[in-house]
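query23.cif (mmCIF, C-alpha atoms, pLDDT in the B column; chains and numbers go by the auth columns)
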```cif
data_run
#
loop_
_atom_site.group_PDB
_atom_site.id
_atom_site.type_symbol
_atom_site.label_atom_id
_atom_site.label_comp_id
_atom_site.label_asym_id
_atom_site.label_seq_id
_atom_site.Cartn_x
_atom_site.Cartn_y
_atom_site.Cartn_z
_atom_site.B_iso_or_equiv
_atom_site.auth_seq_id
_atom_site.auth_asym_id
ATOM 1 C CA MET A 1 5.327 15.604 15.727 86.00 1 A
ATOM 2 C CA GLU A 2 3.190 18.191 13.960 96.00 2 A
ATOM 3 C CA GLN A 3 1.826 17.581 10.466 97.00 3 A
ATOM 4 C CA LYS A 4 4.073 20.229 8.952 98.00 4 A
ATOM 5 C CA GLU A 5 7.154 18.508 10.422 98.00 5 A
ATOM 6 C CA LEU A 6 5.975 15.144 9.080 98.00 6 A
ATOM 7 C CA MET A 7 5.424 16.551 5.593 98.00 7 A
ATOM 8 C CA ALA A 8 8.823 18.275 5.771 98.00 8 A
ATOM 9 C CA GLU A 9 10.423 14.894 6.531 98.00 9 A
ATOM 10 C CA ALA A 10 8.654 13.279 3.562 98.00 10 A
ATOM 11 C CA VAL A 11 9.929 16.100 1.332 98.00 11 A
ATOM 12 C CA ARG A 12 13.454 15.762 2.757 98.00 12 A
ATOM 13 C CA LEU A 13 13.425 12.067 1.847 98.00 13 A
ATOM 14 C CA ALA A 14 12.089 12.883 -1.634 98.00 14 A
ATOM 15 C CA THR A 15 14.796 15.472 -2.207 98.00 15 A
ATOM 16 C CA GLU A 16 17.488 13.054 -1.033 98.00 16 A
ATOM 17 C CA SER A 17 16.207 10.453 -3.498 98.00 17 A
ATOM 18 C CA VAL A 18 16.594 12.947 -6.344 98.00 18 A
ATOM 19 C CA GLU A 19 20.004 14.240 -5.209 98.00 19 A
ATOM 20 C CA LYS A 20 21.435 10.735 -4.883 98.00 20 A
ATOM 21 C CA GLY A 21 19.941 9.560 -8.169 98.00 21 A
ATOM 22 C CA TRP A 22 17.864 6.859 -6.507 98.00 22 A
ATOM 23 C CA GLY A 23 14.551 7.826 -8.082 97.00 23 A
ATOM 24 C CA GLY A 24 11.869 10.461 -8.463 97.00 24 A
ATOM 25 C CA PRO A 25 10.981 13.187 -5.965 98.00 25 A
ATOM 26 C CA PHE A 26 8.865 11.023 -3.729 98.00 26 A
ATOM 27 C CA GLY A 27 9.294 10.426 -0.023 98.00 27 A
ATOM 28 C CA ALA A 28 6.936 9.145 2.651 98.00 28 A
ATOM 29 C CA VAL A 29 6.661 8.709 6.384 98.00 29 A
ATOM 30 C CA LEU A 30 4.204 6.432 8.148 98.00 30 A
ATOM 31 C CA THR A 31 3.057 7.513 11.585 98.00 31 A
ATOM 32 C CA ARG A 32 1.070 6.289 14.547 97.00 32 A
ATOM 33 C CA ASP A 33 0.034 8.696 17.287 95.00 33 A
ATOM 34 C CA GLY A 34 2.142 11.415 15.667 92.00 34 A
ATOM 35 C CA GLU A 35 5.370 9.382 15.855 96.00 35 A
ATOM 36 C CA ILE A 36 7.210 8.117 12.788 98.00 36 A
ATOM 37 C CA LEU A 37 7.178 4.321 12.451 97.00 37 A
ATOM 38 C CA ALA A 38 8.866 4.131 9.057 98.00 38 A
ATOM 39 C CA ARG A 39 10.384 6.242 6.293 98.00 39 A
ATOM 40 C CA GLY A 40 10.722 5.491 2.615 98.00 40 A
ATOM 41 C CA GLN A 41 11.715 7.085 -0.625 98.00 41 A
ATOM 42 C CA ASN A 42 11.500 6.329 -4.287 98.00 42 A
ATOM 43 C CA ARG A 43 14.293 3.903 -5.221 98.00 43 A
ATOM 44 C CA VAL A 44 13.261 2.852 -8.706 98.00 44 A
ATOM 45 C CA LEU A 45 16.516 4.013 -10.311 98.00 45 A
ATOM 46 C CA LEU A 46 18.597 2.514 -7.502 97.00 46 A
ATOM 47 C CA THR A 47 17.001 -0.934 -7.686 97.00 47 A
ATOM 48 C CA GLY A 48 15.442 -1.195 -11.154 98.00 48 A
ATOM 49 C CA ASP A 49 12.266 -2.275 -9.362 98.00 49 A
ATOM 50 C CA PRO A 50 9.238 -0.402 -10.755 97.00 50 A
ATOM 51 C CA THR A 51 7.371 -1.034 -7.490 97.00 51 A
ATOM 52 C CA ALA A 52 10.049 0.656 -5.331 98.00 52 A
ATOM 53 C CA HIS A 53 7.881 3.724 -4.751 98.00 53 A
ATOM 54 C CA ALA A 54 8.152 5.691 -1.524 98.00 54 A
ATOM 55 C CA GLU A 55 4.786 4.556 -0.185 98.00 55 A
ATOM 56 C CA VAL A 56 5.420 0.854 -0.851 98.00 56 A
ATOM 57 C CA GLU A 57 8.928 1.075 0.634 98.00 57 A
ATOM 58 C CA THR A 58 7.507 2.801 3.724 98.00 58 A
ATOM 59 C CA ILE A 59 4.734 0.249 4.187 98.00 59 A
ATOM 60 C CA ARG A 60 7.222 -2.627 3.860 96.00 60 A
ATOM 61 C CA LYS A 61 9.538 -1.072 6.447 97.00 61 A
ATOM 62 C CA ALA A 62 6.674 -0.436 8.872 97.00 62 A
ATOM 63 C CA VAL A 63 5.462 -4.011 8.571 95.00 63 A
ATOM 64 C CA GLN A 64 8.997 -5.343 9.161 93.00 64 A
ATOM 65 C CA MET A 65 9.319 -3.186 12.267 92.00 65 A
ATOM 66 C CA LEU A 66 5.899 -4.138 13.646 92.00 66 A
ATOM 67 C CA ASN A 67 6.317 -7.862 12.910 90.00 67 A
ATOM 68 C CA PRO A 68 9.596 -8.974 14.482 82.00 68 A
ATOM 69 C CA GLU A 69 8.814 -12.644 13.687 79.00 69 A
ATOM 70 C CA ALA A 70 8.346 -12.017 9.966 79.00 70 A
ATOM 71 C CA PRO A 71 8.734 -13.509 7.446 79.00 71 A
ATOM 72 C CA SER A 72 7.553 -16.583 9.347 84.00 72 A
ATOM 73 C CA ILE A 73 4.762 -15.486 11.659 84.00 73 A
ATOM 74 C CA SER A 74 3.401 -18.667 13.179 83.00 74 A
ATOM 75 C CA PRO A 75 -0.355 -19.041 13.675 83.00 75 A
ATOM 76 C CA ASP A 76 0.294 -18.896 17.444 81.00 76 A
ATOM 77 C CA HIS A 77 1.680 -15.364 17.107 81.00 77 A
ATOM 78 C CA GLN A 78 -0.539 -13.837 14.425 83.00 78 A
ATOM 79 C CA ASN A 79 -2.490 -11.843 17.009 82.00 79 A
ATOM 80 C CA GLU A 80 0.766 -10.252 18.179 82.00 80 A
ATOM 81 C CA SER A 81 1.359 -8.749 14.745 89.00 81 A
ATOM 82 C CA THR A 82 -0.336 -6.687 12.086 93.00 82 A
ATOM 83 C CA LEU A 83 -2.362 -9.855 11.450 91.00 83 A
ATOM 84 C CA GLU A 84 -4.253 -9.393 14.728 91.00 84 A
ATOM 85 C CA TYR A 85 -7.992 -9.661 14.143 91.00 85 A
ATOM 86 C CA VAL A 86 -10.168 -6.575 14.472 93.00 86 A
ATOM 87 C CA PRO A 87 -13.913 -6.344 13.871 92.00 87 A
ATOM 88 C CA ARG A 88 -15.042 -4.909 10.569 87.00 88 A
ATOM 89 C CA PRO A 89 -15.965 -1.237 10.823 83.00 89 A
ATOM 90 C CA GLU A 90 -19.617 -0.432 11.382 87.00 90 A
ATOM 91 C CA GLY A 91 -21.427 0.061 8.073 88.00 91 A
ATOM 92 C CA SER A 92 -18.717 -1.761 6.097 86.00 92 A
ATOM 93 C CA PRO A 93 -19.908 -3.874 3.153 89.00 93 A
ATOM 94 C CA ASP A 94 -17.212 -6.442 4.020 87.00 94 A
ATOM 95 C CA PRO A 95 -18.861 -9.889 4.387 90.00 95 A
ATOM 96 C CA VAL A 96 -16.161 -11.090 6.813 89.00 96 A
ATOM 97 C CA PRO A 97 -16.826 -10.140 10.458 90.00 97 A
ATOM 98 C CA GLU A 98 -13.114 -9.826 11.333 91.00 98 A
ATOM 99 C CA ARG A 99 -9.970 -9.097 9.355 91.00 99 A
ATOM 100 C CA ALA A 100 -6.315 -8.547 10.101 92.00 100 A
ATOM 101 C CA ARG A 101 -5.606 -5.102 11.553 93.00 101 A
ATOM 102 C CA MET A 102 -2.670 -4.393 9.228 95.00 102 A
ATOM 103 C CA LEU A 103 -1.741 -0.696 9.643 97.00 103 A
ATOM 104 C CA GLN A 104 -5.006 0.623 11.071 95.00 104 A
ATOM 105 C CA GLY A 105 -4.350 3.557 13.351 96.00 105 A
ATOM 106 C CA CYS A 106 -1.586 4.847 11.078 98.00 106 A
ATOM 107 C CA SER A 107 -1.305 7.819 8.738 98.00 107 A
ATOM 108 C CA ILE A 108 1.029 8.351 5.809 98.00 108 A
ATOM 109 C CA TYR A 109 2.575 11.645 4.686 98.00 109 A
ATOM 110 C CA ILE A 110 3.797 11.757 1.088 98.00 110 A
ATOM 111 C CA SER A 111 5.579 14.421 -0.935 98.00 111 A
ATOM 112 C CA GLY A 112 3.204 13.831 -3.872 97.00 112 A
ATOM 113 C CA ALA A 113 -0.219 12.298 -4.493 96.00 113 A
ATOM 114 C CA PRO A 114 -0.056 8.497 -4.579 96.00 114 A
ATOM 115 C CA CYS A 115 -0.133 6.676 -7.898 96.00 115 A
ATOM 116 C CA PRO A 116 -2.771 3.921 -8.312 96.00 116 A
ATOM 117 C CA MET A 117 -0.349 1.181 -7.221 97.00 117 A
ATOM 118 C CA CYS A 118 0.561 3.023 -4.048 97.00 118 A
ATOM 119 C CA MET A 119 -3.028 3.974 -3.314 97.00 119 A
ATOM 120 C CA SER A 120 -3.974 0.304 -3.630 96.00 120 A
ATOM 121 C CA ALA A 121 -1.175 -0.622 -1.208 98.00 121 A
ATOM 122 C CA ILE A 122 -2.497 2.029 1.191 98.00 122 A
ATOM 123 C CA TYR A 123 -6.016 0.571 0.982 95.00 123 A
ATOM 124 C CA TRP A 124 -4.759 -2.995 1.512 95.00 124 A
ATOM 125 C CA SER A 125 -2.694 -1.782 4.456 97.00 125 A
ATOM 126 C CA ARG A 126 -5.795 -0.217 6.020 95.00 126 A
ATOM 127 C CA ILE A 127 -3.967 3.035 6.698 97.00 127 A
ATOM 128 C CA ASP A 128 -6.417 5.544 8.196 96.00 128 A
ATOM 129 C CA ALA A 129 -5.297 8.763 6.510 98.00 129 A
ATOM 130 C CA VAL A 130 -3.221 9.984 3.554 98.00 130 A
ATOM 131 C CA TYR A 131 -1.679 13.458 3.426 98.00 131 A
ATOM 132 C CA PHE A 132 0.243 14.610 0.342 98.00 132 A
ATOM 133 C CA GLY A 133 2.065 17.725 -0.768 98.00 133 A
ATOM 134 C CA CYS A 134 1.821 17.972 -4.561 97.00 134 A
ATOM 135 C CA ASP A 135 -1.311 16.895 -6.424 95.00 135 A
ATOM 136 C CA LEU A 136 -1.622 14.810 -9.600 92.00 136 A
ATOM 137 C CA ASP A 137 -1.563 17.900 -11.859 93.00 137 A
ATOM 138 C CA GLU A 138 1.709 19.091 -10.320 95.00 138 A
ATOM 139 C CA THR A 139 3.104 15.569 -10.624 94.00 139 A
ATOM 140 C CA ARG A 140 2.131 15.391 -14.299 93.00 140 A
ATOM 141 C CA LYS A 141 3.966 18.677 -14.978 95.00 141 A
ATOM 142 C CA ILE A 142 7.284 17.121 -13.903 96.00 142 A
ATOM 143 C CA GLY A 143 6.839 14.037 -16.088 94.00 143 A
ATOM 144 C CA PHE A 144 5.070 11.533 -13.824 93.00 144 A
ATOM 145 C CA ASP A 145 1.563 11.101 -15.231 88.00 145 A
ATOM 146 C CA ASP A 146 -0.507 8.628 -13.253 87.00 146 A
ATOM 147 C CA SER A 147 -3.899 10.074 -14.154 84.00 147 A
ATOM 148 C CA PHE A 148 -4.222 7.825 -17.221 87.00 148 A
ATOM 149 C CA GLN A 149 -4.063 4.786 -14.935 92.00 149 A
ATOM 150 C CA TYR A 150 -6.892 6.061 -12.765 89.00 150 A
ATOM 151 C CA GLU A 151 -8.863 6.708 -15.971 92.00 151 A
ATOM 152 C CA ASP A 152 -7.990 3.313 -17.467 94.00 152 A
ATOM 153 C CA PHE A 153 -9.344 1.455 -14.423 93.00 153 A
ATOM 154 C CA THR A 154 -12.816 2.850 -15.105 95.00 154 A
ATOM 155 C CA LYS A 155 -12.944 1.344 -18.607 96.00 155 A
ATOM 156 C CA PRO A 156 -14.229 -2.129 -19.524 95.00 156 A
ATOM 157 C CA LEU A 157 -11.423 -4.691 -19.723 94.00 157 A
ATOM 158 C CA ASP A 158 -11.453 -4.846 -23.511 94.00 158 A
ATOM 159 C CA GLU A 159 -10.906 -1.074 -23.781 96.00 159 A
ATOM 160 C CA ARG A 160 -7.862 -0.783 -21.502 96.00 160 A
ATOM 161 C CA ARG A 161 -4.341 0.110 -22.649 95.00 161 A
ATOM 162 C CA ILE A 162 -2.913 -3.213 -21.484 96.00 162 A
ATOM 163 C CA LYS A 163 -4.438 -6.411 -22.835 96.00 163 A
ATOM 164 C CA ILE A 164 -6.370 -7.942 -19.976 95.00 164 A
ATOM 165 C CA LYS A 165 -8.555 -10.990 -20.465 94.00 165 A
ATOM 166 C CA GLN A 166 -9.914 -13.758 -18.291 94.00 166 A
ATOM 167 C CA ILE A 167 -8.746 -17.209 -19.405 96.00 167 A
ATOM 168 C CA TYR A 168 -9.195 -20.692 -17.927 97.00 168 A
ATOM 169 C CA PRO A 169 -11.329 -19.759 -14.920 96.00 169 A
ATOM 170 C CA GLU A 170 -11.702 -23.452 -14.118 97.00 170 A
ATOM 171 C CA LEU A 171 -7.965 -23.577 -13.374 96.00 171 A
ATOM 172 C CA GLY A 172 -7.973 -20.430 -11.269 96.00 172 A
ATOM 173 C CA SER A 173 -10.940 -21.677 -9.284 97.00 173 A
ATOM 174 C CA LYS A 174 -8.827 -24.559 -7.906 96.00 174 A
ATOM 175 C CA ALA A 175 -6.782 -22.133 -5.797 96.00 175 A
ATOM 176 C CA TYR A 176 -9.972 -20.355 -4.730 95.00 176 A
ATOM 177 C CA ALA A 177 -11.449 -23.691 -3.674 96.00 177 A
ATOM 178 C CA ALA A 178 -8.327 -24.435 -1.612 96.00 178 A
ATOM 179 C CA TRP A 179 -8.846 -21.133 0.252 92.00 179 A
ATOM 180 C CA THR A 180 -12.591 -21.689 0.645 92.00 180 A
ATOM 181 C CA ASN A 181 -12.080 -25.207 1.994 95.00 181 A
ATOM 182 C CA ARG A 182 -9.233 -24.347 4.353 92.00 182 A
ATOM 183 C CA LEU A 183 -10.594 -24.652 7.885 89.00 183 A
ATOM 184 C CA GLU A 184 -8.056 -22.380 9.551 85.00 184 A
ATOM 185 C CA LYS A 185 -7.848 -19.397 7.207 84.00 185 A
ATOM 186 C CA HIS A 186 -6.864 -15.978 8.466 85.00 186 A
ATOM 187 C CA PRO A 187 -8.774 -13.255 6.566 86.00 187 A
ATOM 188 C CA TYR A 188 -6.664 -10.276 5.728 87.00 188 A
#
```
As structure tokens - that is how I would like this structure written.
Amino acid sequence: MEQKELMAEAVRLATESVEKGWGGPFGAVLTRDGEILARGQNRVLLTGDPTAHAEVETIRKAVQMLNPEAPSISPDHQNESTLEYVPRPEGSPDPVPERARMLQGCSIYISGAPCPMCMSAIYWSRIDAVYFGCDLDETRKIGFDDSFQYEDFTKPLDERRIKIKQIYPELGSKAYAAWTNRLEKHPY
């Protein structure tokens, strides 16, 4: 499919979400080699789940489709899934030589620029490319202002809008030690 067709499908999904009262005007399609692997749309009003954004819904659907053994992928079958190891990209600052592939080789087309949560999900998914229709300024004009979040992340913790404070690091470090000491860990 051509990029214009892919964006048109993302916009169709976004429009459907609005018309059915499911959520805001956000739709997404995830592709590999120009073919759609998954579709998603904003369903916040349908589900009451503030994380039910089009991008997150699309990523979840793609992962379900690509991992037929999920939610219980055994260690014997991890390399037959999105957890398959791939070498770190050349020039990457990543200290781990291999990580799970996730959605490398995929692109996502979105009706509007991703919010910080969705952009983080895109990074964690290792999606190669993001294409969006409306930018953050256009999104702000219709009542969805994510720019303050991007701005807030640049501030020191004690200056952010939401109280955020490190407490009891000695407790948290127990889980980190369990990961560090696990012999058969699978970096993702």
Take the PyMOL selection byres ((chain A and resi 121-128) around 10), apply it to the structure above, and return the hits as a list in words.
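Output from the PyMOL selection byres ((chain A and resi 121-128) around 10), applied to this file: Leu30, Thr31, Arg32, Glu55, Val56, Ile59, Arg60, Val63, Thr82, Ala100, Arg101, Met102, Leu103, Gln104, Gly105, Cys106, Ser107, Ile108, Pro114, Cys115, Pro116, Met117, Cys118, Met119, Ser120, Ala129, Val130 and Tyr188 of chain A.
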Can you spell out as a count of residues only the set of residues that the PyMOL selection byres ((chain A and resi 17) around 12) selects in the structure I just provided?
29
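Atom to atom, CA of Leu37 in chain A and CA of Ala8 in chain A stand 15.6 Å apart.
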Would you mind telling me which residue in A:Asp94, A:Glu57, A:Glu2, A:Asp49 lies nearest to Gly34 in chain A when using all atoms listed in the file?
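Ranking A:Asp94, A:Glu57, A:Glu2, A:Asp49 by distance to Gly34 in chain A, first place goes to A:Glu2.
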For CA of Glu98 in chain A and CA of Lys185 in chain A, determine how far apart the two atoms are, in Å to one decimal place.
11.7 Å
Given the PyMOL selection byres ((chain A and resi 133) around 8) and the file above, list the residues it selects as a list in words.
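Checked against the file, the PyMOL selection byres ((chain A and resi 133) around 8) matches Met7, Ile110, Ser111, Gly112, Ala113, Tyr131, Phe132, Cys134 and Asp135 of chain A.
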Interatomic distance between CA of Met1 in chain A and CA of Ala38 in chain A?
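According to the coordinates, CA of Met1 in chain A and CA of Ala38 in chain A are separated by 13.7 Å.
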Residue among A:Val86, A:Val29, A:Ile162, A:Ile167 lying closest to Tyr109 in chain A, counting all atoms listed in the file:
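Of the candidates, the smallest distance to Tyr109 in chain A is held by A:Val29.
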Using the atoms already present, construct all heavy atoms for range 149-160 of chain A and hand them back as a CSV table (one decimal), in the frame of the given file.
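After the write, rebuild.csv holds the following:
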```
chain,number,residue,atom,x,y,z
A,149,GLN,N,-3.8,6.1,-15.6
A,149,GLN,CA,-4.1,4.8,-14.9
A,149,GLN,C,-5.4,4.8,-14.2
A,149,GLN,O,-6.2,3.9,-14.3
A,149,GLN,CB,-2.9,4.4,-14.0
A,149,GLN,CG,-1.6,4.1,-14.7
A,149,GLN,CD,-0.5,3.9,-13.7
A,149,GLN,OE1,-0.7,3.5,-12.6
A,149,GLN,NE2,0.7,4.2,-14.1
A,150,TYR,N,-5.6,5.9,-13.5
A,150,TYR,CA,-6.9,6.1,-12.8
A,150,TYR,C,-8.0,6.0,-13.8
A,150,TYR,O,-9.1,5.4,-13.6
A,150,TYR,CB,-6.9,7.4,-12.0
A,150,TYR,CG,-6.2,7.3,-10.7
A,150,TYR,CD1,-5.0,8.0,-10.5
A,150,TYR,CD2,-6.7,6.6,-9.6
A,150,TYR,CE1,-4.3,8.0,-9.3
A,150,TYR,CE2,-6.0,6.6,-8.4
A,150,TYR,CZ,-4.9,7.3,-8.2
A,150,TYR,OH,-4.2,7.3,-7.0
A,151,GLU,N,-7.8,6.7,-14.9
A,151,GLU,CA,-8.9,6.7,-16.0
A,151,GLU,C,-9.0,5.3,-16.6
A,151,GLU,O,-10.2,4.9,-16.9
A,151,GLU,CB,-8.5,7.7,-17.0
A,151,GLU,CG,-8.5,9.2,-16.5
A,151,GLU,CD,-7.7,10.1,-17.4
A,151,GLU,OE1,-7.3,9.7,-18.5
A,151,GLU,OE2,-7.6,11.3,-17.0
A,152,ASP,N,-7.9,4.6,-16.8
A,152,ASP,CA,-8.0,3.3,-17.5
A,152,ASP,C,-8.8,2.3,-16.6
A,152,ASP,O,-9.5,1.5,-17.1
A,152,ASP,CB,-6.6,2.8,-17.7
A,152,ASP,CG,-6.5,1.9,-19.0
A,152,ASP,OD1,-7.1,2.3,-20.0
A,152,ASP,OD2,-5.8,0.9,-18.9
A,153,PHE,N,-8.6,2.4,-15.3
A,153,PHE,CA,-9.3,1.5,-14.4
A,153,PHE,C,-10.9,1.6,-14.5
A,153,PHE,O,-11.6,0.6,-14.2
A,153,PHE,CB,-8.9,1.7,-13.0
A,153,PHE,CG,-7.5,1.3,-12.6
A,153,PHE,CD1,-6.8,1.9,-11.6
A,153,PHE,CD2,-6.9,0.3,-13.3
A,153,PHE,CE1,-5.5,1.6,-11.3
A,153,PHE,CE2,-5.6,-0.1,-13.0
A,153,PHE,CZ,-4.9,0.6,-12.0
A,154,THR,N,-11.4,2.7,-15.0
A,154,THR,CA,-12.8,2.8,-15.1
A,154,THR,C,-13.4,2.2,-16.4
A,154,THR,O,-14.6,2.1,-16.5
A,154,THR,CB,-13.2,4.3,-15.1
A,154,THR,OG1,-12.7,5.0,-16.2
A,154,THR,CG2,-12.7,5.0,-13.8
A,155,LYS,N,-12.5,1.9,-17.3
A,155,LYS,CA,-12.9,1.3,-18.6
A,155,LYS,C,-13.2,-0.2,-18.5
A,155,LYS,O,-12.6,-0.9,-17.7
A,155,LYS,CB,-11.9,1.6,-19.7
A,155,LYS,CG,-11.6,3.1,-19.9
A,155,LYS,CD,-10.5,3.2,-21.0
A,155,LYS,CE,-10.2,4.7,-21.2
A,155,LYS,NZ,-9.1,4.8,-22.1
A,156,PRO,N,-14.1,-0.7,-19.4
A,156,PRO,CA,-14.2,-2.1,-19.5
A,156,PRO,C,-12.9,-2.8,-19.9
A,156,PRO,O,-12.0,-2.1,-20.5
A,156,PRO,CB,-15.2,-2.3,-20.7
A,156,PRO,CG,-15.9,-1.0,-20.8
A,156,PRO,CD,-14.9,0.1,-20.3
A,157,LEU,N,-12.7,-4.0,-19.5
A,157,LEU,CA,-11.4,-4.7,-19.7
A,157,LEU,C,-11.0,-4.6,-21.2
A,157,LEU,O,-9.8,-4.4,-21.4
A,157,LEU,CB,-11.5,-6.2,-19.3
A,157,LEU,CG,-11.8,-6.4,-17.8
A,157,LEU,CD1,-11.8,-7.9,-17.5
A,157,LEU,CD2,-10.7,-5.7,-16.9
A,158,ASP,N,-11.9,-4.8,-22.1
A,158,ASP,CA,-11.5,-4.8,-23.5
A,158,ASP,C,-11.1,-3.5,-24.1
A,158,ASP,O,-10.7,-3.4,-25.2
A,158,ASP,CB,-12.5,-5.5,-24.4
A,158,ASP,CG,-13.9,-4.8,-24.4
A,158,ASP,OD1,-14.1,-4.0,-23.5
A,158,ASP,OD2,-14.7,-5.1,-25.3
A,159,GLU,N,-11.3,-2.4,-23.3
A,159,GLU,CA,-10.9,-1.1,-23.8
A,159,GLU,C,-9.7,-0.5,-23.1
A,159,GLU,O,-9.3,0.6,-23.3
A,159,GLU,CB,-12.1,-0.1,-23.6
A,159,GLU,CG,-13.3,-0.4,-24.4
A,159,GLU,CD,-14.5,0.5,-24.1
A,159,GLU,OE1,-14.2,1.6,-23.6
A,159,GLU,OE2,-15.6,0.1,-24.4
A,160,ARG,N,-9.0,-1.3,-22.2
A,160,ARG,CA,-7.9,-0.8,-21.5
A,160,ARG,C,-6.6,-0.8,-22.3
A,160,ARG,O,-6.5,-1.5,-23.3
A,160,ARG,CB,-7.7,-1.6,-20.2
A,160,ARG,CG,-8.8,-1.4,-19.3
A,160,ARG,CD,-8.5,-1.9,-17.9
A,160,ARG,NE,-9.7,-1.8,-17.1
A,160,ARG,CZ,-9.8,-2.3,-15.9
A,160,ARG,NH1,-8.7,-2.8,-15.3
A,160,ARG,NH2,-10.9,-2.2,-15.2
```
